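Dropping work.cif in here (mmCIF, C-alpha atoms):
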data_query
loop_
_atom_site.label_atom_id
_atom_site.label_comp_id
_atom_site.auth_asym_id
_atom_site.auth_seq_id
_atom_site.Cartn_x
_atom_site.Cartn_y
_atom_site.Cartn_z
CA MET H 1 0.00 0.00 0.00
CA THR H 2 2.86 2.34 0.85
CA ASP H 3 4.49 1.70 -2.53
CA VAL H 4 1.25 2.65 -4.32
CA LYS H 5 0.93 5.83 -2.26
CA ASP H 6 4.55 6.77 -2.94
CA ALA H 7 4.08 6.17 -6.68
CA LEU H 8 1.03 8.45 -6.72
CA THR H 9 2.83 11.14 -4.74
CA ARG H 10 5.77 11.14 -7.13
CA ASP H 11 3.35 12.18 -9.89
CA HIS H 12 2.13 15.14 -7.84
CA ALA H 13 3.99 18.45 -7.86
CA PRO H 14 3.44 21.80 -6.15
CA ILE H 15 3.45 25.08 -8.04
CA THR H 16 5.53 27.23 -5.69
CA ASP H 17 6.13 30.28 -7.89
CA ALA H 18 3.52 33.04 -8.14
CA PHE H 19 4.11 33.72 -11.83
CA ALA H 20 4.00 30.00 -12.67
CA ALA H 21 0.72 29.66 -10.75
CA ARG H 22 -0.80 32.55 -12.69
CA ARG H 23 0.33 31.07 -16.01
CA TYR H 24 -1.13 27.70 -15.02
CA PHE H 25 -4.54 29.12 -14.16
CA ALA H 26 -4.56 31.43 -17.17
CA LYS H 27 -3.91 28.41 -19.37
CA PHE H 28 -6.89 26.56 -17.93
CA GLU H 29 -9.11 29.62 -18.15
CA ALA H 30 -8.41 29.69 -21.89
CA ILE H 31 -8.84 25.93 -22.28
CA THR H 32 -12.22 25.77 -20.50
CA GLY H 33 -13.35 28.72 -22.62
CA HIS H 34 -12.59 26.72 -25.76
CA LEU H 35 -14.47 23.64 -24.52
CA GLY H 36 -17.82 25.34 -24.93
CA ARG H 37 -17.01 25.85 -28.61
CA VAL H 38 -15.91 22.22 -28.87
CA ALA H 39 -19.35 21.18 -27.58
CA ALA H 40 -20.95 23.47 -30.17
CA GLU H 41 -18.95 21.72 -32.90
CA LEU H 42 -20.22 18.37 -31.66
CA GLU H 43 -23.79 19.67 -31.89
CA ARG H 44 -23.19 21.01 -35.40
CA ASP H 45 -21.97 17.57 -36.49
CA GLY H 46 -25.07 15.95 -35.00
CA GLU H 47 -23.16 14.01 -32.34
CA VAL H 48 -24.93 15.59 -29.38
CA ALA H 49 -28.34 17.24 -29.11
CA ALA H 50 -28.90 20.84 -28.09
CA ASP H 51 -30.10 19.92 -24.58
CA GLU H 52 -27.06 17.68 -24.13
CA VAL H 53 -24.77 20.54 -25.15
CA GLU H 54 -26.43 22.60 -22.44
CA ILE H 55 -25.65 19.89 -19.88
CA LEU H 56 -22.03 19.65 -21.00
CA GLY H 57 -21.78 23.42 -21.02
CA ARG H 58 -23.06 23.60 -17.46
CA TYR H 59 -20.36 21.23 -16.22
CA ILE H 60 -17.68 23.04 -18.22
CA ARG H 61 -18.75 26.38 -16.73
CA SER H 62 -18.61 24.82 -13.27
CA LEU H 63 -15.12 23.53 -13.99
CA SER H 64 -14.06 26.99 -15.14
CA ALA H 65 -15.48 28.51 -11.94
CA THR H 66 -13.51 25.99 -9.87
CA PHE H 67 -10.27 27.02 -11.54
CA ARG H 68 -11.08 30.69 -10.94
CA ALA H 69 -11.71 29.99 -7.26
CA LEU H 70 -8.44 28.08 -6.91
CA SER H 71 -6.57 30.82 -8.76
CA ASN H 72 -7.74 33.30 -6.11
CA LYS H 73 -6.81 30.92 -3.31
CA TYR H 74 -3.26 30.54 -4.62
CA LEU H 75 -2.83 34.05 -6.03
CA LEU H 76 -0.01 34.90 -3.60
CA THR H 77 1.83 31.59 -3.98
CA GLY H 78 5.49 31.98 -3.12
CA ARG H 79 5.04 35.43 -1.56
CA ASP H 80 5.75 36.20 2.10
CA THR H 81 2.21 36.65 3.38
CA GLY H 82 3.05 35.99 7.02
CA THR H 83 1.00 32.80 6.81
CA HIS H 84 2.20 29.29 5.99
CA PHE H 85 -0.28 28.54 3.25
CA GLY H 86 1.16 25.97 0.89
CA SER H 87 0.73 25.78 -2.88
CA LEU H 88 -1.43 24.13 -5.48
CA ALA H 89 -0.68 20.44 -5.97
CA PHE H 90 -1.31 19.09 -9.46
CA ASP H 91 -0.77 15.81 -11.29
CA LYS H 92 2.23 16.57 -13.46
CA HIS H 93 2.31 13.19 -15.20
CA GLU H 94 -1.12 11.61 -15.67
CA SER H 95 -3.55 14.50 -16.00
CA GLY H 96 -2.07 17.99 -15.68
CA PHE H 97 -5.10 18.88 -13.51
CA PRO H 98 -5.14 19.67 -9.77
CA ILE H 99 -5.12 16.55 -7.63
CA HIS H 100 -8.37 15.19 -6.21
CA ALA H 101 -7.45 16.31 -2.67
CA GLU H 102 -7.57 19.96 -3.78
CA LEU H 103 -11.27 19.61 -4.60
CA LEU H 104 -11.98 17.83 -1.32
CA THR H 105 -10.33 20.69 0.57
CA MET H 106 -12.31 23.19 -1.47
CA ALA H 107 -15.58 21.40 -0.62
CA ASN H 108 -14.69 21.53 3.08
CA ASP H 109 -13.86 25.24 2.79
CA ALA H 110 -17.22 25.84 1.10
CA GLN H 111 -19.05 24.52 4.16
CA GLN H 112 -17.41 27.27 6.22
CA ALA H 113 -17.27 30.04 3.61
CA GLU H 114 -19.94 32.25 5.20
CA ARG H 115 -18.22 32.10 8.59
CA HIS H 116 -14.93 33.13 7.01
CA LEU H 117 -16.56 36.01 5.13
CA ASP H 118 -18.30 37.24 8.27
CA GLY H 119 -14.93 37.49 9.99
CA MET H 120 -13.21 39.36 7.16
CA ALA H 121 -13.12 43.01 6.26
CA SER H 122 -15.15 43.97 3.20
CA ALA H 123 -13.50 44.12 -0.21
CA ALA H 124 -13.92 47.90 -0.21
CA GLN H 125 -12.23 48.21 3.19
CA ILE H 126 -9.31 45.99 2.13
CA LYS H 127 -8.80 48.05 -1.03
CA ASP H 128 -8.87 51.27 0.99
CA ASP H 129 -6.28 49.87 3.41
CA MET H 130 -4.09 48.82 0.49
CA VAL H 131 -4.12 52.33 -0.96
CA ARG H 132 -3.29 53.81 2.45
CA GLN H 133 -0.30 51.48 2.85
CA ILE H 134 1.01 52.13 -0.66
CA VAL H 135 0.67 55.92 -0.36
CA GLY H 136 1.48 56.30 3.31
CA GLU H 137 4.17 53.67 3.88
CA LEU H 138 5.46 53.27 0.30
CA THR H 139 5.45 49.49 0.71
CA ILE H 140 3.77 46.64 -1.15
CA PRO H 141 0.68 45.54 0.84
CA THR H 142 1.37 41.82 0.51
CA LYS H 143 -0.61 40.77 3.58
CA LEU H 144 -3.58 42.84 2.44
CA GLN H 145 -3.31 41.33 -1.04
CA PHE H 146 -3.41 37.92 0.58
CA ALA H 147 -6.49 38.91 2.59
CA MET H 148 -8.20 40.07 -0.61
CA SER H 149 -7.33 36.87 -2.46
CA GLN H 150 -8.83 34.79 0.34
CA ARG H 151 -11.96 36.91 0.42
CA LEU H 152 -12.42 36.42 -3.32
CA TYR H 153 -11.85 32.68 -2.85
CA TYR H 154 -14.52 32.35 -0.16
CA GLU H 155 -16.92 34.57 -2.11
CA ALA H 156 -16.60 32.18 -5.07
CA LEU H 157 -17.27 29.22 -2.79
CA ALA H 158 -20.29 30.93 -1.27
CA GLU H 159 -21.74 31.62 -4.72
CA GLY H 160 -21.57 27.92 -5.58
CA GLU H 161 -21.98 26.52 -9.09
CA LEU H 162 -18.50 24.98 -8.94
CA PHE H 163 -17.28 21.57 -10.07
CA TRP H 164 -17.03 19.42 -6.96
CA ALA H 165 -15.46 16.00 -6.38
CA GLN H 166 -18.99 14.60 -6.82
CA MET H 167 -21.77 16.21 -8.83
CA HIS H 168 -24.78 14.13 -7.82
CA PRO H 169 -27.19 12.79 -10.46
CA GLN H 170 -29.97 14.99 -11.77
CA ALA H 171 -32.78 13.88 -14.06
CA TYR H 172 -35.31 15.45 -16.36
CA TRP H 173 -38.15 14.02 -18.43
CA LEU H 174 -37.53 13.43 -22.13
CA SER H 175 -40.66 11.72 -23.44
CA GLY H 176 -43.41 9.21 -22.75
CA THR H 177 -46.23 9.01 -20.24
CA GLY H 178 -47.95 6.28 -18.28
CA GLU H 179 -45.89 3.13 -17.77
CA ARG H 180 -43.02 4.01 -20.09
CA ARG H 181 -41.32 7.32 -19.45
CA ARG H 182 -37.90 8.28 -20.72
CA TYR H 183 -35.48 10.35 -18.64
CA MET H 184 -32.08 11.91 -19.09
CA ILE H 185 -29.94 11.35 -16.01
CA HIS H 186 -26.66 13.23 -15.80
CA TRP H 187 -23.92 13.53 -13.21
CA ALA H 188 -20.17 14.08 -12.96
CA VAL H 189 -17.21 13.24 -10.75
CA TYR H 190 -13.62 14.34 -10.35
CA ASP H 191 -12.08 10.89 -10.72
CA SER H 192 -9.67 10.33 -7.81
CA GLN H 193 -7.79 7.58 -9.66
CA VAL H 194 -6.70 9.78 -12.57
CA ASN H 195 -7.39 13.33 -11.29
CA LEU H 196 -9.71 14.17 -14.17
CA PRO H 197 -13.26 15.55 -14.46
CA THR H 198 -15.62 12.99 -15.97
CA ILE H 199 -19.19 13.65 -17.14
CA TYR H 200 -21.90 10.98 -17.51
CA LEU H 201 -25.16 11.10 -19.49
CA MET H 202 -27.68 8.26 -19.34
CA GLU H 203 -30.98 7.90 -21.18
CA ALA H 204 -33.15 5.53 -19.17
CA GLN H 205 -36.66 4.18 -19.58
CA ASP H 206 -38.78 4.21 -16.43
CA THR H 207 -41.54 1.59 -16.09
CA GLY H 208 -42.18 2.13 -12.39
CA ARG H 209 -45.55 3.10 -10.94
CA THR H 210 -44.27 6.46 -9.72
CA SER H 211 -42.25 8.86 -11.83
CA LEU H 212 -38.57 8.38 -11.03
CA VAL H 213 -37.75 11.87 -9.76
CA LYS H 214 -40.86 11.84 -7.53
CA ASP H 215 -40.19 8.36 -6.16
CA GLU H 216 -38.77 8.83 -2.67
CA ARG H 217 -37.65 5.20 -2.54
CA ARG H 218 -36.01 4.69 -5.93
CA TRP H 219 -34.50 8.08 -6.72
CA PRO H 220 -32.11 8.32 -3.70
CA ALA H 221 -31.04 4.72 -4.35
CA VAL H 222 -30.41 5.51 -8.03
CA GLN H 223 -28.31 8.54 -7.14
CA GLN H 224 -26.22 6.60 -4.64
CA HIS H 225 -25.75 3.68 -7.04
CA LEU H 226 -24.58 5.83 -9.95
CA ILE H 227 -22.09 7.85 -7.88
CA ALA H 228 -20.65 4.65 -6.40
CA GLN H 229 -20.09 3.22 -9.89
CA SER H 230 -18.57 6.37 -11.38
CA MET H 231 -14.98 5.26 -11.69
CA GLY H 232 -12.89 5.61 -14.83
CA GLY H 233 -11.58 2.08 -14.34
CA LEU H 234 -15.06 0.60 -14.82
CA LYS H 235 -16.26 -0.09 -18.35
CA LEU H 236 -19.56 1.44 -19.45
CA LEU H 237 -20.88 -2.08 -19.99
CA THR H 238 -20.20 -2.93 -16.33
CA ILE H 239 -21.91 0.25 -15.13
CA ALA H 240 -24.96 -0.17 -17.38
CA LYS H 241 -25.46 -3.88 -16.66
CA GLY H 242 -25.14 -3.32 -12.93
CA PHE H 243 -27.73 -0.55 -13.10
CA ASP H 244 -30.06 -2.68 -15.25
CA GLU H 245 -29.85 -5.61 -12.84
CA ASP H 246 -30.25 -3.58 -9.65
CA PHE H 247 -33.33 -1.65 -10.83
CA ASP H 248 -35.91 -3.88 -12.51
CA ASP H 249 -38.10 -0.96 -13.60
CA LEU H 250 -35.30 1.25 -14.94
CA HIS H 251 -33.71 0.38 -18.26
CA PRO H 252 -30.54 2.15 -19.49
CA LYS H 253 -30.94 2.70 -23.23
CA ARG H 254 -27.87 4.84 -23.80
CA LEU H 255 -24.92 5.67 -21.57
CA ARG H 256 -22.14 8.11 -22.42
CA ARG H 257 -19.01 9.17 -20.59
CA PHE H 258 -16.86 12.20 -21.41
CA HIS H 259 -13.31 12.34 -20.09
CA VAL H 260 -12.03 15.93 -19.97
CA GLY H 261 -8.23 15.66 -20.12
CA PRO H 262 -5.42 14.94 -19.65
CA MET H 263 -3.89 18.35 -20.28
CA TYR H 264 -0.37 18.35 -21.68
CA SER H 265 1.93 21.35 -21.53
CA SER H 266 5.65 21.61 -22.15
CA ALA H 267 5.80 24.14 -19.31
CA PHE H 268 4.06 22.08 -16.62
CA THR H 269 3.64 18.37 -17.38
CA ARG H 270 5.85 15.43 -18.15
CA GLN H 271 4.76 13.54 -21.24
CA SER H 272 6.38 10.95 -23.43
CA GLY H 273 5.84 9.78 -26.98
CA PRO H 274 4.89 11.80 -30.07
CA LEU H 275 3.01 14.50 -28.19
CA ALA H 276 6.08 15.49 -26.17
CA LYS H 277 8.02 15.99 -29.38
CA VAL H 278 5.16 17.94 -30.98
CA LEU H 279 4.91 20.39 -28.08
CA GLU H 280 8.68 20.77 -27.94
CA GLU H 281 9.08 21.42 -31.67
CA ALA H 282 6.07 23.76 -31.84
CA ARG H 283 7.85 26.34 -29.69
CA ALA H 284 4.48 27.95 -29.22
CA PRO H 285 4.27 31.30 -27.41
CA GLN H 286 3.19 31.43 -23.79
CA GLY H 287 -0.41 30.33 -23.35
CA GLN H 288 -0.44 28.26 -26.55
CA ASP H 289 1.92 25.45 -25.56
CA TRP H 290 -0.73 22.92 -24.59
CA ALA H 291 -2.98 20.11 -25.78
CA LEU H 292 -6.09 18.72 -24.11
CA ALA H 293 -7.40 15.21 -24.65
CA TRP H 294 -11.19 14.71 -24.91
CA THR H 295 -12.56 11.16 -24.98
CA ALA H 296 -16.21 10.24 -25.54
CA GLU H 297 -17.44 6.70 -24.86
CA GLU H 298 -20.93 5.53 -25.77
CA LEU H 299 -22.89 2.37 -25.00
CA VAL H 300 -26.23 1.74 -26.71
CA SER H 301 -28.88 -0.87 -26.01
CA GLU H 302 -29.39 -3.12 -29.02
CA ARG H 303 -32.43 -5.08 -27.89
CA VAL H 304 -34.38 -6.29 -24.88
CA GLU H 305 -34.69 -9.84 -23.60
CA GLN H 306 -37.06 -11.26 -21.01
CA GLU H 307 -35.58 -12.75 -17.85
CA LYS H 308 -37.41 -14.77 -15.20
CA LYS H 309 -37.90 -13.03 -11.87
CA GLY H 310 -39.26 -15.03 -8.96
CA TRP H 311 -41.70 -17.90 -9.51
CA PHE H 312 -43.94 -16.38 -12.14
CA GLY H 313 -42.62 -12.95 -13.05
CA THR H 314 -40.35 -11.66 -15.81
CA VAL H 315 -38.35 -8.47 -16.25
CA ASP H 316 -36.78 -6.73 -19.22
CA ARG H 317 -33.02 -6.90 -19.51
CA GLU H 318 -31.01 -4.76 -21.93
CA ILE H 319 -28.61 -6.36 -24.40
CA PHE H 320 -25.97 -3.83 -25.36
CA ALA H 321 -24.28 -3.40 -28.73
CA LEU H 322 -20.49 -3.56 -28.56
CA ASP H 323 -17.96 -2.16 -31.02
CA PRO H 324 -17.93 -4.69 -33.89
CA PHE H 325 -14.49 -3.75 -35.23
CA SER H 326 -11.77 -6.29 -34.44
CA GLY H 327 -13.56 -7.36 -31.29
CA ARG H 328 -12.66 -4.07 -29.61
CA GLY H 329 -16.05 -3.79 -27.98
CA VAL H 330 -15.23 -6.59 -25.58
CA ASP H 331 -12.09 -4.75 -24.51
CA THR H 332 -13.59 -1.26 -24.28
CA GLY H 333 -17.04 -2.23 -23.01
CA ALA H 334 -18.58 0.36 -25.32
CA THR H 335 -20.50 0.57 -28.58
CA ARG H 336 -18.10 3.23 -29.80
CA THR H 337 -15.25 5.32 -28.49
CA GLU H 338 -13.99 8.53 -30.04
CA ARG H 339 -10.71 10.09 -29.01
CA ALA H 340 -10.13 13.75 -29.70
CA ILE H 341 -7.59 16.39 -28.88
CA VAL H 342 -8.00 20.15 -28.52
CA LEU H 343 -4.89 22.20 -29.28
CA PRO H 344 -3.80 25.61 -30.58
CA GLN H 345 -2.87 26.18 -34.20
CA ARG H 346 0.92 26.09 -33.79
CA PRO H 347 1.11 22.64 -32.12
CA PHE H 348 -1.47 21.34 -34.61
CA GLN H 349 0.70 22.34 -37.55
CA VAL H 350 3.63 20.38 -36.12
CA LEU H 351 1.35 17.42 -35.37
CA ALA H 352 -0.06 17.45 -38.91
CA GLU H 353 3.42 17.50 -40.43
CA ALA H 354 4.73 14.70 -38.21
CA ASN H 355 1.50 12.66 -38.59
CA PRO H 356 2.46 10.10 -35.91
CA PRO H 357 0.62 6.75 -36.15
CA GLY H 358 -1.16 7.02 -32.82
CA PHE H 359 -2.88 10.27 -33.81
CA ARG H 360 -4.15 9.47 -37.29
CA ASP H 361 -7.59 8.38 -36.01
CA VAL H 362 -7.79 11.08 -33.36
CA ARG H 363 -10.18 13.93 -34.08
CA LYS H 364 -8.55 17.37 -33.80
CA PHE H 365 -10.23 20.51 -32.53
CA VAL H 366 -7.90 23.31 -33.58
CA VAL H 367 -8.02 26.66 -31.80
CA SER H 368 -7.07 29.67 -33.92
CA PRO H 369 -5.27 32.67 -32.36
CA GLY H 370 -8.62 34.46 -32.40
CA GLY H 371 -10.27 31.67 -30.40
CA ARG H 372 -12.25 30.04 -33.22
CA VAL H 373 -12.46 26.23 -33.05
CA VAL H 374 -12.22 24.21 -36.27
CA THR H 375 -12.66 20.43 -36.53
CA MET H 376 -10.01 18.45 -38.37
CA ARG H 377 -9.89 14.72 -38.99
#
Using structure tokens, write down the structure that the file contains.
Amino acid sequence: MTDVKDALTRDHAPITDAFAARRYFAKFEAITGHLGRVAAELERDGEVAADEVEILGRYIRSLSATFRALSNKYLLTGRDTGTHFGSLAFDKHESGFPIHAELLTMANDAQQAERHLDGMASAAQIKDDMVRQIVGELTIPTKLQFAMSQRLYYEALAEGELFWAQMHPQAYWLSGTGERRRYMIHWAVYDSQVNLPTIYLMEAQDTGRTSLVKDERRWPAVQQHLIAQSMGGLKLLTIAKGFDEDFDDLHPKRLRRFHVGPMYSSAFTRQSGPLAKVLEEARAPQGQDWALAWTAEELVSERVEQEKKGWFGTVDREIFALDPFSGRGVDTGATRTERAIVLPQRPFQVLAEANPPGFRDVRKFVVSPGGRVVTMR
């Protein structure tokens, strides 16, 4: 167990320099801004519906808000604030994102945000004190800057709408009445095994007597079940079959999982293989030396079979379609898997020229200097 913990820790690194921390958060602010346009491209190509784009957009906006909150928390990294505060820890090898523990700490801080704000001076008062120190003492008000950064951090936590370690399932009605209603269930987690945000969308048919979201017995159990199964190491087939077997009157017709990341950057992460060479040779200017992986998995029900239940009863069981090409469906546990990468124009040009084998089937979302996203195959 100790060896596993040590191996994980070796992949984690602190950002101890203030300028490096600001570059890191600025990079992610730009990246999350591009992801909304990536989702729009997916809608334009007919791969996701408009309401699904809205769901994805909501989680992406929450992720962006989380990075903004953390950027305020660690704004004075490396400065002498008079307080031993630490620095952001991120996964420098596997994901490029902050480690899972950062989000757990943030969730704990959120529970006490109002108490912290009540004990702090107002933003206006802190600004006034900063001006007085600069003009009157001719010194940099580092401690006051730190106080302001922490106030902004707790204000962001108090406002909510952030991406937490667990984003519990929500559901809304899609179609159908009576005994066969169709719902969209969506949720997200910050996967602790790989330090990456992961978004789930499930279309499920409800044949229960009471509508799912109004059923005080089934709905809490469904939420708990789905969160417990939301691990990147589990195949979609395992998740869907477990759900189908545990809830006789809920039938998963379509399950999708979106992995946001890893993020690769020549300035912050360690990567090997073709991508490392691409980022190195691109020599992109600051803020454009990155690439973000985006993986979409999908599992679709192919047909329904009847299964005996008890002495005289039967229940519907879903039979899922697996990827028919080269037997890959058995390995991936999905009907289809699409790998994509989002990257600025300069790294894309180097990638296109090198054309490494592992990237030929990867979809490319290319970000122009003006922020426009173009899809390339």
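Closest approach to Tyr264 in chain H from the set H:Leu343, H:Ala188, H:Ile134, H:Leu88 is made by H:Leu343, with distances taken over all atoms listed in the file.
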Leu76 in chain H: which residues within 9 Å, counting all atoms listed in the file, same-chain residues fewer than 4 positions away excluded, as a ChimeraX atom specification? /H:17-18,21,72,80-81,142,145-146,149
At what distance in Å, to one decimal, does CA of Val304 in chain H lie from CA of Arg317 in chain H? 5.6 Å
Work out how far apart CA of Arg372 in chain H and CA of Ile31 in chain H are and give it in Å to one decimal. 12.2 Å
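Closest approach to Pro98 in chain H among H:Ala147, H:Ala121, H:Ile319, H:Met263 is made by H:Met263 (distances from all atoms listed in the file).
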Could you build a table of the residues in range 73-165 of chain H lying no more than 9 Å from range 267-272 of chain H, giving for each the nearest pair of atoms and their separation in Å rounded to one decimal place, using only C-alpha atoms, ordered by chain and ascending residue number, as JSON lines?
{"residue": "H:Asp91", "atom": "CA", "partner": "H:Thr269", "partner_atom": "CA", "distance": 7.9}
{"residue": "H:Lys92", "atom": "CA", "partner": "H:Thr269", "partner_atom": "CA", "distance": 4.5}
{"residue": "H:His93", "atom": "CA", "partner": "H:Arg270", "partner_atom": "CA", "distance": 5.1}
{"residue": "H:Glu94", "atom": "CA", "partner": "H:Arg270", "partner_atom": "CA", "distance": 8.3}
{"residue": "H:Ser95", "atom": "CA", "partner": "H:Thr269", "partner_atom": "CA", "distance": 8.3}
{"residue": "H:Gly96", "atom": "CA", "partner": "H:Thr269", "partner_atom": "CA", "distance": 6.0}
Atoms to include: C-alpha atoms. Write the selected residues as a tab-separated table (two decimals), keeping the file's coordinate frame.
chain	number	residue	atom	x	y	z
H	91	ASP	CA	-0.77	15.81	-11.29
H	92	LYS	CA	2.23	16.57	-13.46
H	93	HIS	CA	2.31	13.19	-15.20
H	94	GLU	CA	-1.12	11.61	-15.67
H	95	SER	CA	-3.55	14.50	-16.00
H	96	GLY	CA	-2.07	17.99	-15.68
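Between Ala123 in chain H and the candidates H:Ser265, H:Asp248, H:Gly208, H:Tyr154, the tightest atom-to-atom separation, counting all atoms listed in the file, involves H:Tyr154.
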On this structure, which residues satisfy the PyMOL selection byres ((chain H and resi 54) around 12), written as an mmCIF file with C-alpha atoms, in the frame of the given file?
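Generated file (selection.cif):
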data_model
loop_
_atom_site.group_PDB
_atom_site.id
_atom_site.type_symbol
_atom_site.label_atom_id
_atom_site.label_comp_id
_atom_site.auth_asym_id
_atom_site.auth_seq_id
_atom_site.Cartn_x
_atom_site.Cartn_y
_atom_site.Cartn_z
ATOM 1 C CA GLY H 36 -17.820 25.340 -24.930
ATOM 2 C CA ARG H 37 -17.010 25.850 -28.610
ATOM 3 C CA ALA H 39 -19.350 21.180 -27.580
ATOM 4 C CA ALA H 40 -20.950 23.470 -30.170
ATOM 5 C CA LEU H 42 -20.220 18.370 -31.660
ATOM 6 C CA GLU H 43 -23.790 19.670 -31.890
ATOM 7 C CA VAL H 48 -24.930 15.590 -29.380
ATOM 8 C CA ALA H 49 -28.340 17.240 -29.110
ATOM 9 C CA ALA H 50 -28.900 20.840 -28.090
ATOM 10 C CA ASP H 51 -30.100 19.920 -24.580
ATOM 11 C CA GLU H 52 -27.060 17.680 -24.130
ATOM 12 C CA VAL H 53 -24.770 20.540 -25.150
ATOM 13 C CA ILE H 55 -25.650 19.890 -19.880
ATOM 14 C CA LEU H 56 -22.030 19.650 -21.000
ATOM 15 C CA GLY H 57 -21.780 23.420 -21.020
ATOM 16 C CA ARG H 58 -23.060 23.600 -17.460
ATOM 17 C CA TYR H 59 -20.360 21.230 -16.220
ATOM 18 C CA ILE H 60 -17.680 23.040 -18.220
ATOM 19 C CA ARG H 61 -18.750 26.380 -16.730
ATOM 20 C CA HIS H 186 -26.660 13.230 -15.800
ATOM 21 C CA LEU H 201 -25.160 11.100 -19.490
#
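For the residues H:Val213, H:Leu226, H:Val300, H:Leu63, ranking by smallest atom-to-atom distance to Glu318 in chain H using only C-alpha atoms places H:Val300 first.
Selection result for the displayed file, with the PyMOL selection byres ((chain H and resi 254-257) around 8) as criterion, is Thr198, Ile199, Tyr200, Leu201, Met202, Glu203, Ala204, Leu236, Ala240, Pro252, Lys253, Phe258, His259, Ala296, Glu297, Glu298, Leu299, Val300 and Ser301 of chain H.
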For this file, the PyMOL selection byres ((chain H and resi 114) around 12) selects which residues, as a PDB file with C-alpha atoms, keeping the file's coordinate frame?
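Listed below is the output, expr.pdb:
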ATOM      1  CA  ASP H 109     -13.860  25.240   2.790  1.00  0.00           C
ATOM      2  CA  ALA H 110     -17.220  25.840   1.100  1.00  0.00           C
ATOM      3  CA  GLN H 111     -19.050  24.520   4.160  1.00  0.00           C
ATOM      4  CA  GLN H 112     -17.410  27.270   6.220  1.00  0.00           C
ATOM      5  CA  ALA H 113     -17.270  30.040   3.610  1.00  0.00           C
ATOM      6  CA  ARG H 115     -18.220  32.100   8.590  1.00  0.00           C
ATOM      7  CA  HIS H 116     -14.930  33.130   7.010  1.00  0.00           C
ATOM      8  CA  LEU H 117     -16.560  36.010   5.130  1.00  0.00           C
ATOM      9  CA  ASP H 118     -18.300  37.240   8.270  1.00  0.00           C
ATOM     10  CA  GLY H 119     -14.930  37.490   9.990  1.00  0.00           C
ATOM     11  CA  MET H 120     -13.210  39.360   7.160  1.00  0.00           C
ATOM     12  CA  ARG H 151     -11.960  36.910   0.420  1.00  0.00           C
ATOM     13  CA  TYR H 153     -11.850  32.680  -2.850  1.00  0.00           C
ATOM     14  CA  TYR H 154     -14.520  32.350  -0.160  1.00  0.00           C
ATOM     15  CA  GLU H 155     -16.920  34.570  -2.110  1.00  0.00           C
ATOM     16  CA  ALA H 156     -16.600  32.180  -5.070  1.00  0.00           C
ATOM     17  CA  LEU H 157     -17.270  29.220  -2.790  1.00  0.00           C
ATOM     18  CA  ALA H 158     -20.290  30.930  -1.270  1.00  0.00           C
ATOM     19  CA  GLU H 159     -21.740  31.620  -4.720  1.00  0.00           C
ATOM     20  CA  GLY H 160     -21.570  27.920  -5.580  1.00  0.00           C
TER      21      GLY H 160
END
Please determine, counting all atoms listed in the file, which residue among H:Leu70, H:Gly86, H:Pro262, H:Arg218 has the shortest atom-to-atom distance to Glu29 in chain H. H:Leu70
Min atom-atom distance to Lys364 in chain H from the set H:Thr332, H:Thr295, H:Thr32, H:Thr314, counting all atoms listed in the file, belongs to H:Thr295
Atoms are missing here; could range 276-286 of chain H be completed with N, CA and C atoms and written as a PDB file, in the coordinates of the input?
ATOM      1  N   ALA H 276       4.986  14.738 -26.790  1.00  0.00           N
ATOM      2  CA  ALA H 276       6.080  15.490 -26.170  1.00  0.00           C
ATOM      3  C   ALA H 276       6.928  16.163 -27.229  1.00  0.00           C
ATOM      4  N   LYS H 277       7.210  15.436 -28.299  1.00  0.00           N
ATOM      5  CA  LYS H 277       8.020  15.990 -29.380  1.00  0.00           C
ATOM      6  C   LYS H 277       7.279  17.100 -30.109  1.00  0.00           C
ATOM      7  N   VAL H 278       5.969  16.924 -30.298  1.00  0.00           N
ATOM      8  CA  VAL H 278       5.160  17.940 -30.980  1.00  0.00           C
ATOM      9  C   VAL H 278       5.185  19.249 -30.198  1.00  0.00           C
ATOM     10  N   LEU H 279       4.935  19.178 -28.895  1.00  0.00           N
ATOM     11  CA  LEU H 279       4.910  20.390 -28.080  1.00  0.00           C
ATOM     12  C   LEU H 279       6.284  21.046 -28.000  1.00  0.00           C
ATOM     13  N   GLU H 280       7.327  20.226 -27.994  1.00  0.00           N
ATOM     14  CA  GLU H 280       8.680  20.770 -27.940  1.00  0.00           C
ATOM     15  C   GLU H 280       9.032  21.473 -29.251  1.00  0.00           C
ATOM     16  N   GLU H 281       8.717  20.845 -30.376  1.00  0.00           N
ATOM     17  CA  GLU H 281       9.080  21.420 -31.670  1.00  0.00           C
ATOM     18  C   GLU H 281       8.184  22.605 -32.052  1.00  0.00           C
ATOM     19  N   ALA H 282       6.982  22.663 -31.495  1.00  0.00           N
ATOM     20  CA  ALA H 282       6.070  23.760 -31.840  1.00  0.00           C
ATOM     21  C   ALA H 282       6.620  25.113 -31.383  1.00  0.00           C
ATOM     22  N   ARG H 283       7.324  25.095 -30.246  1.00  0.00           N
ATOM     23  CA  ARG H 283       7.850  26.340 -29.690  1.00  0.00           C
ATOM     24  C   ARG H 283       6.778  27.429 -29.680  1.00  0.00           C
ATOM     25  N   ALA H 284       5.622  27.034 -29.224  1.00  0.00           N
ATOM     26  CA  ALA H 284       4.480  27.950 -29.220  1.00  0.00           C
ATOM     27  C   ALA H 284       4.688  29.043 -28.171  1.00  0.00           C
ATOM     28  N   PRO H 285       4.146  30.228 -28.398  1.00  0.00           N
ATOM     29  CA  PRO H 285       4.270  31.300 -27.410  1.00  0.00           C
ATOM     30  C   PRO H 285       3.515  30.947 -26.129  1.00  0.00           C
ATOM     31  N   GLN H 286       3.813  31.681 -25.087  1.00  0.00           N
ATOM     32  CA  GLN H 286       3.190  31.430 -23.790  1.00  0.00           C
ATOM     33  C   GLN H 286       1.660  31.452 -23.909  1.00  0.00           C
TER      34      GLN H 286
END
